[in-house]
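This is data-v9.cif (mmCIF, C-alpha atoms).
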```cif
data_start
loop_
_atom_site.label_atom_id
_atom_site.label_comp_id
_atom_site.auth_asym_id
_atom_site.auth_seq_id
_atom_site.Cartn_x
_atom_site.Cartn_y
_atom_site.Cartn_z
CA MET A 1 -7.55 1.33 -6.02
CA GLN A 2 -6.14 2.81 -2.83
CA THR A 3 -5.58 0.79 0.31
CA ILE A 4 -4.38 3.68 2.49
CA ASN A 5 -6.95 6.40 3.19
CA LEU A 6 -5.29 9.75 2.43
CA ASP A 7 -7.85 11.60 4.54
CA LYS A 8 -6.75 9.59 7.58
CA LEU A 9 -3.18 10.64 6.82
CA ASP A 10 -4.33 14.28 6.62
CA LEU A 11 -2.01 14.94 3.70
CA GLN A 12 -1.63 18.71 3.19
CA ASP A 13 -0.26 21.08 0.56
CA HIS A 14 3.48 21.80 0.78
CA GLN A 15 4.21 18.50 2.55
CA LEU A 16 6.85 15.95 1.59
CA ALA A 17 5.30 12.49 1.33
CA ILE A 18 6.92 9.14 0.52
CA ASP A 19 5.40 5.99 -0.92
CA LEU A 20 7.77 3.27 0.32
CA GLY A 21 7.53 0.37 -2.10
CA CYS A 22 5.48 2.34 -4.59
CA GLY A 23 5.03 -0.54 -7.06
CA LEU A 24 3.09 0.65 -10.10
CA GLY A 25 2.29 3.95 -8.42
CA ARG A 26 -1.35 3.73 -7.32
CA HIS A 27 -0.72 5.60 -4.07
CA MET A 28 1.95 7.84 -5.62
CA HIS A 29 -0.50 9.07 -8.23
CA ALA A 30 -3.22 9.47 -5.60
CA MET A 31 -1.01 11.64 -3.36
CA TYR A 32 0.15 13.79 -6.25
CA PHE A 33 -3.38 14.57 -7.43
CA HIS A 34 -4.89 14.77 -3.93
CA ARG A 35 -2.74 17.66 -2.69
CA ARG A 36 -0.12 20.12 -3.95
CA CYS A 37 2.66 18.17 -2.31
CA THR A 38 5.97 16.61 -3.24
CA ALA A 39 5.42 12.88 -3.66
CA VAL A 40 8.48 10.64 -3.47
CA GLY A 41 8.26 7.05 -4.68
CA ILE A 42 10.89 4.40 -4.02
CA ASP A 43 10.84 0.74 -5.00
CA LEU A 44 13.32 -2.09 -5.35
CA GLY A 45 12.04 -2.87 -8.85
CA LEU A 46 13.29 -0.55 -11.59
CA GLU A 47 10.53 -1.68 -13.98
CA ASP A 48 7.88 -0.67 -11.43
CA ILE A 49 9.51 2.74 -11.13
CA LYS A 50 9.34 3.12 -14.90
CA ALA A 51 5.66 2.13 -14.89
CA THR A 52 4.92 4.71 -12.19
CA ARG A 53 6.64 7.39 -14.28
CA GLU A 54 4.54 6.43 -17.30
CA GLY A 55 1.43 6.85 -15.15
CA PHE A 56 2.36 10.47 -14.56
CA LYS A 57 3.10 11.02 -18.26
CA ASN A 58 -0.28 9.64 -19.27
CA ALA A 59 -2.25 11.59 -16.66
CA PRO A 60 -4.49 14.46 -17.79
CA ASP A 61 -3.13 17.99 -17.49
CA LEU A 62 -3.91 19.69 -14.21
CA GLU A 63 -5.22 23.20 -13.77
CA PRO A 64 -2.57 25.94 -13.72
CA GLN A 65 -0.47 25.59 -10.60
CA ILE A 66 -1.52 28.42 -8.32
CA GLY A 67 -0.10 28.32 -4.82
CA ALA A 68 1.90 25.30 -3.70
CA PRO A 69 3.48 23.42 -6.66
CA ARG A 70 3.16 19.71 -7.26
CA HIS A 71 6.29 17.61 -7.69
CA TYR A 72 7.10 13.93 -7.90
CA VAL A 73 10.42 12.15 -7.47
CA LEU A 74 11.10 8.48 -8.24
CA SER A 75 14.02 6.33 -7.18
CA ALA A 76 15.02 2.68 -7.02
CA GLY A 77 16.11 1.68 -3.54
CA ASP A 78 16.01 -0.74 -0.61
CA ALA A 79 13.56 -0.20 2.26
CA THR A 80 16.20 -1.36 4.74
CA GLN A 81 18.77 1.22 3.55
CA LEU A 82 16.86 4.32 2.53
CA PRO A 83 18.88 7.10 0.85
CA PHE A 84 17.26 9.93 2.83
CA ALA A 85 18.28 12.15 5.72
CA ASP A 86 16.87 11.72 9.21
CA GLY A 87 13.53 13.39 9.92
CA LYS A 88 12.84 14.34 6.30
CA PHE A 89 9.23 13.32 5.56
CA ASP A 90 5.82 14.57 6.72
CA ARG A 91 3.78 11.59 5.53
CA LEU A 92 4.53 7.97 4.59
CA ILE A 93 2.63 5.22 2.86
CA CYS A 94 3.91 1.64 2.92
CA SER A 95 1.24 -0.56 1.37
CA GLU A 96 1.60 -4.33 0.87
CA VAL A 97 5.39 -4.16 1.12
CA LEU A 98 6.59 -5.36 4.54
CA GLU A 99 5.45 -8.94 3.90
CA HIS A 100 8.10 -9.12 1.15
CA ILE A 101 11.04 -7.97 3.30
CA PRO A 102 13.14 -10.56 5.20
CA ASP A 103 14.58 -8.01 7.66
CA VAL A 104 11.32 -6.22 8.43
CA GLU A 105 12.56 -4.83 11.75
CA ARG A 106 15.33 -2.94 9.97
CA ALA A 107 12.78 -1.52 7.53
CA ILE A 108 10.68 -0.26 10.44
CA ASP A 109 13.81 1.31 11.96
CA GLU A 110 14.34 3.15 8.67
CA ILE A 111 10.73 4.35 8.63
CA TRP A 112 11.17 5.78 12.12
CA ARG A 113 14.46 7.42 11.13
CA ILE A 114 13.23 9.29 8.05
CA MET A 115 9.98 10.62 9.55
CA LYS A 116 9.72 14.08 11.06
CA PRO A 117 8.41 14.63 14.59
CA GLY A 118 4.67 15.18 14.20
CA SER A 119 4.48 13.12 11.00
CA ARG A 120 1.87 10.48 10.12
CA ILE A 121 2.22 7.08 8.46
CA GLY A 122 -0.13 4.51 6.94
CA ILE A 123 0.95 0.86 6.81
CA SER A 124 -0.91 -2.03 5.19
CA VAL A 125 -0.13 -5.75 5.03
CA PRO A 126 -2.19 -8.82 4.12
CA ARG A 127 -4.65 -9.69 6.89
CA ALA A 128 -3.61 -12.87 8.72
CA TRP A 129 -6.50 -15.29 8.29
CA PRO A 130 -7.27 -14.66 4.57
CA GLU A 131 -3.54 -14.89 3.93
CA LYS A 132 -3.25 -18.18 5.81
CA ILE A 133 -5.95 -19.68 3.58
CA CYS A 134 -3.97 -18.67 0.48
CA TRP A 135 -0.81 -20.28 1.90
CA LEU A 136 -2.73 -23.48 2.73
CA LEU A 137 -4.30 -23.70 -0.72
CA SER A 138 -1.18 -23.03 -2.79
CA ASP A 139 2.58 -23.10 -2.28
CA ASP A 140 2.98 -21.16 -5.53
CA TYR A 141 1.11 -18.22 -3.99
CA HIS A 142 4.05 -17.27 -1.79
CA ASN A 143 7.00 -19.36 -3.08
CA GLU A 144 7.86 -16.90 -5.83
CA PRO A 145 11.01 -14.77 -6.13
CA GLY A 146 10.19 -11.61 -4.21
CA GLY A 147 7.03 -13.20 -2.80
CA HIS A 148 5.55 -13.08 0.67
CA VAL A 149 7.99 -14.26 3.34
CA ARG A 150 5.70 -14.01 6.39
CA ILE A 151 2.14 -13.73 7.62
CA PHE A 152 1.67 -10.78 9.96
CA ASN A 153 -0.26 -10.71 13.19
CA ALA A 154 -1.71 -7.18 13.26
CA ARG A 155 -1.23 -6.81 17.01
CA ALA A 156 2.43 -7.86 16.79
CA LEU A 157 3.02 -5.50 13.85
CA ARG A 158 1.44 -2.65 15.79
CA HIS A 159 3.79 -3.42 18.70
CA SER A 160 6.81 -3.32 16.36
CA PHE A 161 5.95 0.27 15.45
CA GLU A 162 4.98 1.32 18.96
CA LYS A 163 8.22 0.10 20.50
CA ARG A 164 10.10 2.53 18.22
CA GLY A 165 7.96 5.37 19.54
CA PHE A 166 5.13 5.60 17.01
CA VAL A 167 1.68 6.25 18.51
CA PHE A 168 -1.14 4.11 17.14
CA SER A 169 -3.99 6.15 15.66
CA SER A 170 -6.52 3.84 13.99
CA LYS A 171 -7.06 0.63 12.02
CA HIS A 172 -9.38 -0.64 9.32
CA HIS A 173 -9.60 -3.48 6.80
CA ALA A 174 -9.76 -3.15 3.02
CA HIS A 175 -10.51 -5.14 -0.15
CA GLY A 176 -13.13 -7.57 1.13
CA LEU A 177 -14.00 -8.55 -2.43
CA HIS A 178 -10.40 -9.53 -3.15
CA SER A 179 -9.99 -12.35 -0.62
CA PRO A 180 -12.34 -14.81 -2.40
CA TYR A 181 -10.69 -13.95 -5.70
CA TRP A 182 -7.28 -15.01 -4.38
CA TRP A 183 -8.69 -18.12 -2.73
CA LEU A 184 -10.13 -19.06 -6.11
CA LYS A 185 -6.80 -18.34 -7.83
CA CYS A 186 -5.00 -20.52 -5.31
CA LEU A 187 -7.47 -23.36 -5.89
CA VAL A 188 -7.17 -23.40 -9.69
CA GLY A 189 -3.52 -22.30 -9.89
CA VAL A 190 -2.27 -18.78 -9.24
CA LYS A 191 -1.03 -18.44 -12.83
CA ASN A 192 -4.15 -19.93 -14.38
CA ASP A 193 -5.80 -16.73 -15.63
CA ARG A 194 -7.77 -18.61 -18.28
CA ASN A 195 -10.08 -20.31 -15.81
CA LEU A 196 -13.68 -19.20 -16.48
CA PHE A 197 -14.52 -18.37 -12.87
CA VAL A 198 -11.25 -16.48 -12.42
CA ARG A 199 -11.95 -14.41 -15.53
CA LEU A 200 -15.52 -13.62 -14.43
CA TYR A 201 -14.44 -12.64 -10.94
CA HIS A 202 -11.63 -10.52 -12.35
CA LYS A 203 -14.17 -8.56 -14.40
CA ILE A 204 -16.03 -7.74 -11.19
CA LEU A 205 -12.83 -6.42 -9.61
CA VAL A 206 -12.07 -4.31 -12.68
CA VAL A 207 -15.53 -2.74 -12.43
CA GLU A 208 -14.90 -2.06 -8.74
CA ILE A 209 -11.52 -0.45 -9.41
CA LEU A 210 -12.54 1.66 -12.41
CA GLN A 211 -16.18 2.51 -11.66
CA ASN A 212 -17.01 1.34 -8.13
CA PRO A 213 -20.82 1.45 -8.54
CA TRP A 214 -23.07 1.79 -5.49
CA TYR A 215 -23.82 -1.94 -5.19
CA LEU A 216 -20.12 -2.87 -5.09
CA LYS A 217 -19.49 -0.09 -2.56
CA LEU A 218 -22.22 -1.61 -0.42
CA ILE A 219 -20.79 -5.12 -0.73
CA SER A 220 -17.32 -3.80 0.14
CA LYS A 221 -18.68 -1.96 3.17
CA ILE A 222 -20.06 -5.27 4.44
CA THR A 223 -17.17 -7.54 3.46
CA ASP A 224 -14.18 -5.32 4.30
CA PRO A 225 -14.42 -5.77 8.09
CA LEU A 226 -15.38 -9.45 7.73
CA MET A 227 -12.78 -10.69 5.24
CA GLY A 228 -10.79 -7.72 3.99
CA LYS A 229 -7.60 -8.88 2.25
CA SER A 230 -5.59 -6.08 3.88
CA VAL A 231 -5.27 -4.65 7.37
CA VAL A 232 -4.35 -0.96 7.50
CA LEU A 233 -2.68 0.67 10.52
CA TYR A 234 -2.13 4.39 11.07
CA PHE A 235 0.47 5.91 13.40
CA ASN A 236 1.77 9.32 14.43
CA LYS A 237 5.35 10.18 15.33
CA PRO A 238 5.23 12.38 18.45
CA GLU A 239 6.50 15.96 18.35
#
```
Would you mind writing the file out in structure tokens?
Amino acid sequence: MQTINLDKLDLQDHQLAIDLGCGLGRHMHAMYFHRRCTAVGIDLGLEDIKATREGFKNAPDLEPQIGAPRHYVLSAGDATQLPFADGKFDRLICSEVLEHIPDVERAIDEIWRIMKPGSRIGISVPRAWPEKICWLLSDDYHNEPGGHVRIFNARALRHSFEKRGFVFSSKHHAHGLHSPYWWLKCLVGVKNDRNLFVRLYHKILVVEILQNPWYLKLISKITDPLMGKSVVLYFNKPE
């Protein structure tokens, strides 16, 4: 399930796009199949990089490549020291990553550095008030190696990007059905996947992710702005 809306990024054929903190590759795979672009994925976790690669191997064959070719590149790396030249990328996705990084300001500096003039970026982090409830209900939720180190205020995060020179474009919230699931997990124990209510709720989320029937789309449309787990911000880098 995507958090960043690729249509809002206006991803085009021939472009070079990076998924910063690609994890298991959900946005990487989406970019690759959405347009005939070069999708670059980078993550601190080597095992996640391997999982993303397997996702490409297991994908169905595409139609013969006519016109712009598709490529993907994967690398392990640190968001605060990116191994790329200045002004290299046309599009960037950074989804649910910044909350894990102690030196987030340096990561934002790196994002500014590697983006071309005229480029677009999509950034998502956990929304403040649903995240605060998780922190209040469970210390285990965030006190994990590599876990969340901060709760973002969306306005302050927007300012951090704008002071570098990025121009704010739009904002929306996502994953309204996911907030109650994590509140429930925090109540019963974040590692307690055997709880009956957790298992039942998880089945609902699997249906949403894999099938997304009309009734869950409707519920999401209502709940996303009210209690969406993620806040998504879009910016442009001026020409």
Can you tell me, as a PDB file with C-alpha atoms, in the coordinates of the input, which residues sit within 10 Å of (-4.7, 1.3, 4.0) in the file's frame, using all atoms listed in the file?
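File result02.pdb, as written:
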```
ATOM      1  CA  GLN A   2      -6.140   2.810  -2.830  1.00  0.00           C
ATOM      2  CA  THR A   3      -5.580   0.790   0.310  1.00  0.00           C
ATOM      3  CA  ILE A   4      -4.380   3.680   2.490  1.00  0.00           C
ATOM      4  CA  ASN A   5      -6.950   6.400   3.190  1.00  0.00           C
ATOM      5  CA  LEU A   6      -5.290   9.750   2.430  1.00  0.00           C
ATOM      6  CA  LYS A   8      -6.750   9.590   7.580  1.00  0.00           C
ATOM      7  CA  LEU A   9      -3.180  10.640   6.820  1.00  0.00           C
ATOM      8  CA  HIS A  27      -0.720   5.600  -4.070  1.00  0.00           C
ATOM      9  CA  ILE A  93       2.630   5.220   2.860  1.00  0.00           C
ATOM     10  CA  CYS A  94       3.910   1.640   2.920  1.00  0.00           C
ATOM     11  CA  SER A  95       1.240  -0.560   1.370  1.00  0.00           C
ATOM     12  CA  GLU A  96       1.600  -4.330   0.870  1.00  0.00           C
ATOM     13  CA  GLY A 122      -0.130   4.510   6.940  1.00  0.00           C
ATOM     14  CA  ILE A 123       0.950   0.860   6.810  1.00  0.00           C
ATOM     15  CA  SER A 124      -0.910  -2.030   5.190  1.00  0.00           C
ATOM     16  CA  VAL A 125      -0.130  -5.750   5.030  1.00  0.00           C
ATOM     17  CA  LYS A 171      -7.060   0.630  12.020  1.00  0.00           C
ATOM     18  CA  HIS A 172      -9.380  -0.640   9.320  1.00  0.00           C
ATOM     19  CA  HIS A 173      -9.600  -3.480   6.800  1.00  0.00           C
ATOM     20  CA  ALA A 174      -9.760  -3.150   3.020  1.00  0.00           C
ATOM     21  CA  HIS A 175     -10.510  -5.140  -0.150  1.00  0.00           C
ATOM     22  CA  SER A 230      -5.590  -6.080   3.880  1.00  0.00           C
ATOM     23  CA  VAL A 231      -5.270  -4.650   7.370  1.00  0.00           C
ATOM     24  CA  VAL A 232      -4.350  -0.960   7.500  1.00  0.00           C
ATOM     25  CA  LEU A 233      -2.680   0.670  10.520  1.00  0.00           C
ATOM     26  CA  TYR A 234      -2.130   4.390  11.070  1.00  0.00           C
TER      27      TYR A 234
END
```
Once the PyMOL selection byres ((chain A and resi 212-223) around 12) is applied to the coordinates I shared, what remains selected? I want it as a compact mmCIF listing (two decimals) with C-alpha atoms, in the frame of the given file.
```
# COMPACT_ATOMS: atom_id res chain seq x y z
CA MET A 1 -7.55 1.33 -6.02
CA HIS A 172 -9.38 -0.64 9.32
CA HIS A 173 -9.60 -3.48 6.80
CA ALA A 174 -9.76 -3.15 3.02
CA HIS A 175 -10.51 -5.14 -0.15
CA GLY A 176 -13.13 -7.57 1.13
CA LEU A 177 -14.00 -8.55 -2.43
CA HIS A 178 -10.40 -9.53 -3.15
CA SER A 179 -9.99 -12.35 -0.62
CA PRO A 180 -12.34 -14.81 -2.40
CA ILE A 204 -16.03 -7.74 -11.19
CA LEU A 205 -12.83 -6.42 -9.61
CA VAL A 206 -12.07 -4.31 -12.68
CA VAL A 207 -15.53 -2.74 -12.43
CA GLU A 208 -14.90 -2.06 -8.74
CA ILE A 209 -11.52 -0.45 -9.41
CA LEU A 210 -12.54 1.66 -12.41
CA GLN A 211 -16.18 2.51 -11.66
CA ASP A 224 -14.18 -5.32 4.30
CA PRO A 225 -14.42 -5.77 8.09
CA LEU A 226 -15.38 -9.45 7.73
CA MET A 227 -12.78 -10.69 5.24
CA GLY A 228 -10.79 -7.72 3.99
CA LYS A 229 -7.60 -8.88 2.25
CA SER A 230 -5.59 -6.08 3.88
```
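Between CA of Ser169 in chain A and CA of Gly25 in chain A lies a distance of 25.0 Å.
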Residues within 6 Å of (2.3, 13.0, 3.9), counting only C-alpha atoms, listed as number ranges by chain
A: 11, 15-17, 90-92
What gap, in Å, lies between CA of Glu239 in chain A and CA of Asn153 in chain A?
28.0 Å
Determine the residue set returned by the PyMOL selection byres ((chain A and resi 98) around 10) for the present structure, and present it as a list in words.
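Residues picked by the PyMOL selection byres ((chain A and resi 98) around 10): Leu20, Gly21, Ala79, Cys94, Ser95, Glu96, Val97, Glu99, His100, Ile101, Pro102, Asp103, Val104, Glu105, Ala107, Ile108, Ile123, Ser124, Val125, Pro126, His148, Val149, Arg150, Ile151, Phe152 and Leu157 of chain A.
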For range 137-145 of chain A, list every protein, DNA or RNA residue within 12 Å, evaluated using all atoms listed in the file, and leave out those in the same chain fewer than 6 positions away; present the list as a list in words.
Glu99, His100, Ile101, Pro130, Glu131, Ile151, Trp182, Trp183, Leu184, Lys185, Cys186, Leu187, Val188, Gly189, Val190, Lys191 and Asn192 of chain A
Those same residues, written as an mmCIF file, in the coordinates of the input with C-alpha atoms?
```cif
data_model
loop_
_atom_site.group_PDB
_atom_site.id
_atom_site.type_symbol
_atom_site.label_atom_id
_atom_site.label_comp_id
_atom_site.auth_asym_id
_atom_site.auth_seq_id
_atom_site.Cartn_x
_atom_site.Cartn_y
_atom_site.Cartn_z
ATOM 1 C CA GLU A 99 5.450 -8.940 3.900
ATOM 2 C CA HIS A 100 8.100 -9.120 1.150
ATOM 3 C CA ILE A 101 11.040 -7.970 3.300
ATOM 4 C CA PRO A 130 -7.270 -14.660 4.570
ATOM 5 C CA GLU A 131 -3.540 -14.890 3.930
ATOM 6 C CA ILE A 151 2.140 -13.730 7.620
ATOM 7 C CA TRP A 182 -7.280 -15.010 -4.380
ATOM 8 C CA TRP A 183 -8.690 -18.120 -2.730
ATOM 9 C CA LEU A 184 -10.130 -19.060 -6.110
ATOM 10 C CA LYS A 185 -6.800 -18.340 -7.830
ATOM 11 C CA CYS A 186 -5.000 -20.520 -5.310
ATOM 12 C CA LEU A 187 -7.470 -23.360 -5.890
ATOM 13 C CA VAL A 188 -7.170 -23.400 -9.690
ATOM 14 C CA GLY A 189 -3.520 -22.300 -9.890
ATOM 15 C CA VAL A 190 -2.270 -18.780 -9.240
ATOM 16 C CA LYS A 191 -1.030 -18.440 -12.830
ATOM 17 C CA ASN A 192 -4.150 -19.930 -14.380
#
```
What is the CA of Cys37 in chain A to CA of Tyr72 in chain A distance in Å?
8.3 Å
Which residue gives the smallest distance to Asn236 in chain A among A:Pro117, A:Gly45, A:Gly147, A:Pro83, with all atoms listed in the file counted?
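Closest to Asn236 in chain A, using all atoms listed in the file: A:Pro117.
Of the listed residues (A:Phe197, A:Ile18, A:Met31, A:Ser75), A:Ser75 comes nearest to Leu46 in chain A; the distances count all atoms listed in the file.
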Tell me which of A:Lys50, A:Lys88, A:Arg127, A:His159 sits closest to Ala76 in chain A, counting all atoms listed in the file.
A:Lys50
Which of these, A:Arg70, A:Lys132, A:His34, A:His29, has the shortest distance to Lys57 in chain A once you count only C-alpha atoms?
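Looking only at the distances to Lys57 in chain A, the closest residue turns out to be A:His29.
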Considering only C-alpha atoms, return as a PyMOL selection string whatever protein or nucleic-acid residues lie within 8 Å of Arg36 in chain A, sequence-local ones (same chain, fewer than 6 positions apart) excluded.
chain A and resi 12-15+68-71
Write to file, as an mmCIF file, keeping the file's coordinate frame, the residues of the selection just made, with C-alpha atoms.
```cif
data_model
loop_
_atom_site.group_PDB
_atom_site.id
_atom_site.type_symbol
_atom_site.label_atom_id
_atom_site.label_comp_id
_atom_site.auth_asym_id
_atom_site.auth_seq_id
_atom_site.Cartn_x
_atom_site.Cartn_y
_atom_site.Cartn_z
ATOM 1 C CA GLN A 12 -1.630 18.710 3.190
ATOM 2 C CA ASP A 13 -0.260 21.080 0.560
ATOM 3 C CA HIS A 14 3.480 21.800 0.780
ATOM 4 C CA GLN A 15 4.210 18.500 2.550
ATOM 5 C CA ALA A 68 1.900 25.300 -3.700
ATOM 6 C CA PRO A 69 3.480 23.420 -6.660
ATOM 7 C CA ARG A 70 3.160 19.710 -7.260
ATOM 8 C CA HIS A 71 6.290 17.610 -7.690
#
```
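If you measure from each of A:Ala39, A:Leu24, A:Ile111, A:Ala154 to Arg53 in chain A using all atoms listed in the file, the closest one turns out to be A:Leu24.
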Let me have the centre and edge lengths of the axis-aligned box enclosing all listed atoms of range 13-20 of chain A with 4 Å padding on every side, in Å to one decimal, as JSON.
```
{"center_x": 3.8, "center_y": 12.5, "center_z": 0.8, "size_x": 16.0, "size_y": 26.5, "size_z": 11.5}
```
From the options A:Thr38, A:Val198, A:Trp135, A:Phe89, which residue's atoms come nearest to Lys116 in chain A, counting all atoms listed in the file?
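Of A:Thr38, A:Val198, A:Trp135, A:Phe89, the one nearest Lys116 in chain A is A:Phe89, counting all atoms listed in the file.
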With the input short on atoms, add N, CA and C atoms back to range 7-29 of chain A and write it as a tab-separated table (two decimals), keeping the file's coordinate frame.
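Saved as selection.tsv:
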```
chain	number	residue	atom	x	y	z
A	7	ASP	N	-7.22	10.70	3.57
A	7	ASP	CA	-7.85	11.60	4.54
A	7	ASP	C	-7.41	11.27	5.96
A	8	LYS	N	-7.23	9.98	6.25
A	8	LYS	CA	-6.75	9.59	7.58
A	8	LYS	C	-5.30	10.04	7.80
A	9	LEU	N	-4.54	10.13	6.71
A	9	LEU	CA	-3.18	10.64	6.82
A	9	LEU	C	-3.14	12.16	6.93
A	10	ASP	N	-4.25	12.82	6.58
A	10	ASP	CA	-4.33	14.28	6.62
A	10	ASP	C	-3.19	14.91	5.80
A	11	LEU	N	-3.03	14.40	4.59
A	11	LEU	CA	-2.01	14.94	3.70
A	11	LEU	C	-2.37	16.38	3.32
A	12	GLN	N	-1.40	17.29	3.43
A	12	GLN	CA	-1.63	18.71	3.19
A	12	GLN	C	-0.72	19.24	2.08
A	13	ASP	N	-1.12	20.39	1.51
A	13	ASP	CA	-0.26	21.08	0.56
A	13	ASP	C	1.09	21.39	1.21
A	14	HIS	N	2.10	21.47	0.39
A	14	HIS	CA	3.48	21.80	0.78
A	14	HIS	C	4.23	20.64	1.44
A	15	GLN	N	3.53	19.56	1.80
A	15	GLN	CA	4.21	18.50	2.55
A	15	GLN	C	5.04	17.60	1.64
A	16	LEU	N	5.99	16.92	2.27
A	16	LEU	CA	6.85	15.95	1.59
A	16	LEU	C	6.38	14.56	2.00
A	17	ALA	N	5.89	13.79	1.04
A	17	ALA	CA	5.30	12.49	1.33
A	17	ALA	C	6.03	11.41	0.54
A	18	ILE	N	6.21	10.25	1.17
A	18	ILE	CA	6.92	9.14	0.52
A	18	ILE	C	6.01	7.92	0.43
A	19	ASP	N	6.05	7.29	-0.72
A	19	ASP	CA	5.40	5.99	-0.92
A	19	ASP	C	6.52	4.95	-0.95
A	20	LEU	N	6.68	4.23	0.16
A	20	LEU	CA	7.77	3.27	0.32
A	20	LEU	C	7.35	1.93	-0.25
A	21	GLY	N	7.97	1.55	-1.37
A	21	GLY	CA	7.53	0.37	-2.10
A	21	GLY	C	6.37	0.74	-3.00
A	22	CYS	N	6.59	1.72	-3.86
A	22	CYS	CA	5.48	2.34	-4.59
A	22	CYS	C	4.88	1.44	-5.66
A	23	GLY	N	5.59	0.36	-6.05
A	23	GLY	CA	5.03	-0.54	-7.06
A	23	GLY	C	4.72	0.20	-8.34
A	24	LEU	N	3.50	0.03	-8.85
A	24	LEU	CA	3.09	0.65	-10.10
A	24	LEU	C	2.57	2.07	-9.90
A	25	GLY	N	2.55	2.54	-8.65
A	25	GLY	CA	2.29	3.95	-8.42
A	25	GLY	C	0.89	4.33	-8.02
A	26	ARG	N	0.06	3.37	-7.61
A	26	ARG	CA	-1.35	3.73	-7.32
A	26	ARG	C	-1.46	4.75	-6.20
A	27	HIS	N	-0.66	4.61	-5.14
A	27	HIS	CA	-0.72	5.60	-4.07
A	27	HIS	C	0.09	6.85	-4.42
A	28	MET	N	1.17	6.69	-5.16
A	28	MET	CA	1.95	7.84	-5.62
A	28	MET	C	1.07	8.79	-6.42
A	29	HIS	N	0.37	8.25	-7.40
A	29	HIS	CA	-0.50	9.07	-8.23
A	29	HIS	C	-1.60	9.71	-7.39
```
